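Trainee: My structure is below; once you've seen it, I'll send some questions.
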Amino acid sequence: MVKKCLLIMTIFLLPLANAFAEQKIYGIYSNMNASYGEPSGFEFFFLHDGRPGKCSDTVIFQVAEGWPQYPEILDCCACSASHIEFISKTWGKFLGKIENDTLSGELFDAKKTIAIKKGASFWQKQ
């Protein structure tokens with residue numbers, strides 16, 4: 001009887017444990033700063049947009065190079081912590097992942113590699 005109870009508990013709790021083990025992508029990753037008087041850097045804001053299906057995540061992507069560029073709102077289809085992929089109209093394909101609250105990856109067309117910690121938006125600090 002005890003074995004049967006343990007088996008039932010394992011069957012129900014294992015999927016729950018896996019859900020908690022998978023790191024979520026949602027949040028803000030920003031290295032944007034104005035240390036030289038003008039904003040520069042990258043900012044990514046990943047959010048769940050409520051759409052059903054595999055394209056249920058969105059990234060708001062902004063770059064500043066002396067001045068802030070217009071943010072892009074992009075689909076992040078089938079994104080997970082181990083695989084993030086989207087295409088910026090301006091910067092091209094991004095391919096990356098999130099480990100230890102750090103977004104790392106590459107903007108291939110721009111030949112830019114990034115590693116950005118999760119934290120507050122540059123605009124929240126102003």
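In the structure tokens, the first chain shown is A, the next is B, and so on; residue numbers restart at 1 for each chain, and ligands run from 1 in the order shown.
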Contacts of A:Leu47 at 6 Å or less, counting only C-alpha atoms, minus same-chain residues fewer than 3 places along, as a list in words?
Mentor: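 Contacts, in chain order: Tyr26, Asp57 and Thr58 of chain A.
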Trainee: Atoms to include: N, CA and C atoms. Write the selected residues as a CSV table (one decimal), in the first residue's frame.
Mentor:
```csv
chain,number,residue,atom,x,y,z
A,26,TYR,N,10.7,35.1,-18.8
A,26,TYR,CA,10.0,36.4,-18.7
A,26,TYR,C,10.7,37.4,-17.8
A,57,ASP,N,4.7,34.0,-26.8
A,57,ASP,CA,5.6,34.9,-26.2
A,57,ASP,C,6.0,36.1,-27.1
A,58,THR,N,6.3,37.2,-26.5
A,58,THR,CA,6.7,38.4,-27.3
A,58,THR,C,7.9,39.0,-26.6
```
Trainee: Which residues are near A:Gly96? Cut-off 6 Å, only C-alpha atoms, ignore same chain within fewer than 3 positions. Put them as a list in words.
Mentor: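 Contacts, in chain order: Ile84, Ser104 and Gly105 of chain A.
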Trainee: For the selection just defined, write its residues with N, CA and C atoms to a file, as a short mmCIF file (atom, residue, chain, number, x, y, z; two decimals), in the first residue's frame.
Mentor:
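again12.cif, freshly written:
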```cif
data_model
loop_
_atom_site.label_atom_id
_atom_site.label_comp_id
_atom_site.auth_asym_id
_atom_site.auth_seq_id
_atom_site.Cartn_x
_atom_site.Cartn_y
_atom_site.Cartn_z
N ILE A 84 16.15 30.61 -27.36
CA ILE A 84 15.44 31.85 -27.67
C ILE A 84 15.84 32.27 -29.07
N SER A 104 22.18 35.26 -22.86
CA SER A 104 23.38 35.28 -23.69
C SER A 104 23.00 34.82 -25.09
N GLY A 105 23.65 35.40 -26.08
CA GLY A 105 23.36 35.03 -27.44
C GLY A 105 24.05 35.92 -28.44
#
```
Trainee: Which residues, written as number ranges by chain, have at least one atom at most 10 Å from A:Lys111, with only C-alpha atoms counted and residues fewer than 4 positions away on the same chain left out?
Mentor: A: 91-92, 106-107
Trainee: Of the candidates A:Ile87, A:Phe42, A:Gly50, A:Ala81, which one gets nearest to A:Gln69 if we count only C-alpha atoms?
Mentor: A:Phe42
Trainee: Residues within 7 Å of A:Phe61, please, as a ChimeraX atom specification. Count only C-alpha atoms; anything in the same chain fewer than 2 positions from it doesn't count.
Mentor: /A:43-45,59,63,71-73
Trainee: So how many Å separate atom CA of A:Thr102 and atom CA of A:Gly53, to one decimal?
Mentor: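 Atom-to-atom, atom CA of A:Thr102 and atom CA of A:Gly53 are spaced 26.0 Å apart.
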Trainee: Taking only chain A into account, list the residues labelled helix (DSSP H, G or I) by DSSP (computed from the backbone), as a list in words.
Mentor: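 So the helix (DSSP H, G or I) residues in chain A would be Val2, Lys3, Lys4, Cys5, Leu6, Leu7, Ile8, Met9, Thr10, Ile11, Phe12, Leu13, Leu14, Pro15, Leu16, Ala17, Asn18, Ala19, Phe20, Ala21, Phe122, Trp123 and Gln124 of chain A.
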Trainee: Now that the selection is made, can you save its residues with C-alpha atoms as a PDB file, in the first residue's frame?
Mentor:
```
ATOM      1  CA  VAL A   2       2.839   2.397   0.856  1.00  0.00           C
ATOM      2  CA  LYS A   3       4.561   1.663  -2.455  1.00  0.00           C
ATOM      3  CA  LYS A   4       1.335   2.324  -4.313  1.00  0.00           C
ATOM      4  CA  CYS A   5       0.895   5.701  -2.557  1.00  0.00           C
ATOM      5  CA  LEU A   6       4.503   6.654  -3.334  1.00  0.00           C
ATOM      6  CA  LEU A   7       4.027   5.720  -6.979  1.00  0.00           C
ATOM      7  CA  ILE A   8       0.859   7.812  -7.253  1.00  0.00           C
ATOM      8  CA  MET A   9       2.538  10.788  -5.557  1.00  0.00           C
ATOM      9  CA  THR A  10       5.530  10.505  -7.895  1.00  0.00           C
ATOM     10  CA  ILE A  11       3.312  10.400 -10.966  1.00  0.00           C
ATOM     11  CA  PHE A  12       1.500  13.585  -9.901  1.00  0.00           C
ATOM     12  CA  LEU A  13       4.437  15.518  -8.459  1.00  0.00           C
ATOM     13  CA  LEU A  14       7.106  14.838 -11.100  1.00  0.00           C
ATOM     14  CA  PRO A  15       5.529  17.062 -13.800  1.00  0.00           C
ATOM     15  CA  LEU A  16       5.101  19.795 -11.206  1.00  0.00           C
ATOM     16  CA  ALA A  17       8.773  19.557 -10.211  1.00  0.00           C
ATOM     17  CA  ASN A  18       9.823  19.778 -13.864  1.00  0.00           C
ATOM     18  CA  ALA A  19       7.724  22.905 -14.340  1.00  0.00           C
ATOM     19  CA  PHE A  20       9.521  24.588 -11.449  1.00  0.00           C
ATOM     20  CA  ALA A  21      12.947  23.390 -12.633  1.00  0.00           C
ATOM     21  CA  PHE A 122      17.041  51.445 -18.030  1.00  0.00           C
ATOM     22  CA  TRP A 123      13.836  53.474 -18.299  1.00  0.00           C
ATOM     23  CA  GLN A 124      12.748  52.487 -14.775  1.00  0.00           C
TER      24      GLN A 124
END
```
Trainee: What's around A:Ser82 at 7 Å? Count only C-alpha atoms, leave out sequence neighbours fewer than 2 positions away in its own chain, and write the answer as a list in words.
Mentor: Ser80, Ile84, Lys97 and Ile98 of chain A
Trainee: Restrict the selected residues to C-alpha atoms and save them as a PDB file, in the first residue's frame.
Mentor:
```pdb
ATOM      1  CA  SER A  80      12.285  28.587 -23.707  1.00  0.00           C
ATOM      2  CA  ILE A  84      15.439  31.847 -27.668  1.00  0.00           C
ATOM      3  CA  LYS A  97      19.494  31.182 -24.133  1.00  0.00           C
ATOM      4  CA  ILE A  98      19.026  32.081 -20.476  1.00  0.00           C
TER       5      ILE A  98
END
```
Trainee: Rounded to one decimal in Å, what is the spacing between atom CA of A:Tyr29 and atom CA of A:Lys89?
Mentor: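 Separating atom CA of A:Tyr29 from atom CA of A:Lys89 is a distance of 19.6 Å.
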Trainee: Counting only C-alpha atoms, which of A:Arg51, A:Ile116, A:Pro39, A:Ala64 gets nearest to A:Glu99?
Mentor: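 Checking each candidate against A:Glu99, we get A:Ile116 as the closest.
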Trainee: Mind pulling up the distance from atom CA of A:Gln126 to atom CA of A:Ser88?
Mentor: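 According to the coordinates, atom CA of A:Ser88 and atom CA of A:Gln126 are separated by 25.8 Å.
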Trainee: Might you pull out every residue within 10 Å of stretch 65-68 of chain A, with only C-alpha atoms counted and same-chain residues fewer than 6 positions away left off, and present them as a list of chain:residue names?
Mentor: A:Met32, A:Ala34, A:Tyr36, A:Gly37, A:Glu38, A:Pro39, A:Ser40, A:Gly41, A:Phe42
Trainee: Please produce a file of the residues just selected, as a short mmCIF file (atom, residue, chain, number, x, y, z; two decimals), in the first residue's frame, where the atoms kept are C-alpha atoms.
Mentor:
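Full text of again-v7.cif as output:
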```cif
data_model
loop_
_atom_site.label_atom_id
_atom_site.label_comp_id
_atom_site.auth_asym_id
_atom_site.auth_seq_id
_atom_site.Cartn_x
_atom_site.Cartn_y
_atom_site.Cartn_z
CA MET A 32 21.55 50.00 -21.43
CA ALA A 34 23.98 56.55 -19.98
CA TYR A 36 28.71 58.98 -21.11
CA GLY A 37 25.61 61.20 -21.08
CA GLU A 38 23.76 59.44 -23.91
CA PRO A 39 21.99 56.07 -23.69
CA SER A 40 23.71 53.07 -25.22
CA GLY A 41 23.18 49.32 -25.02
CA PHE A 42 20.49 46.68 -25.47
#
```
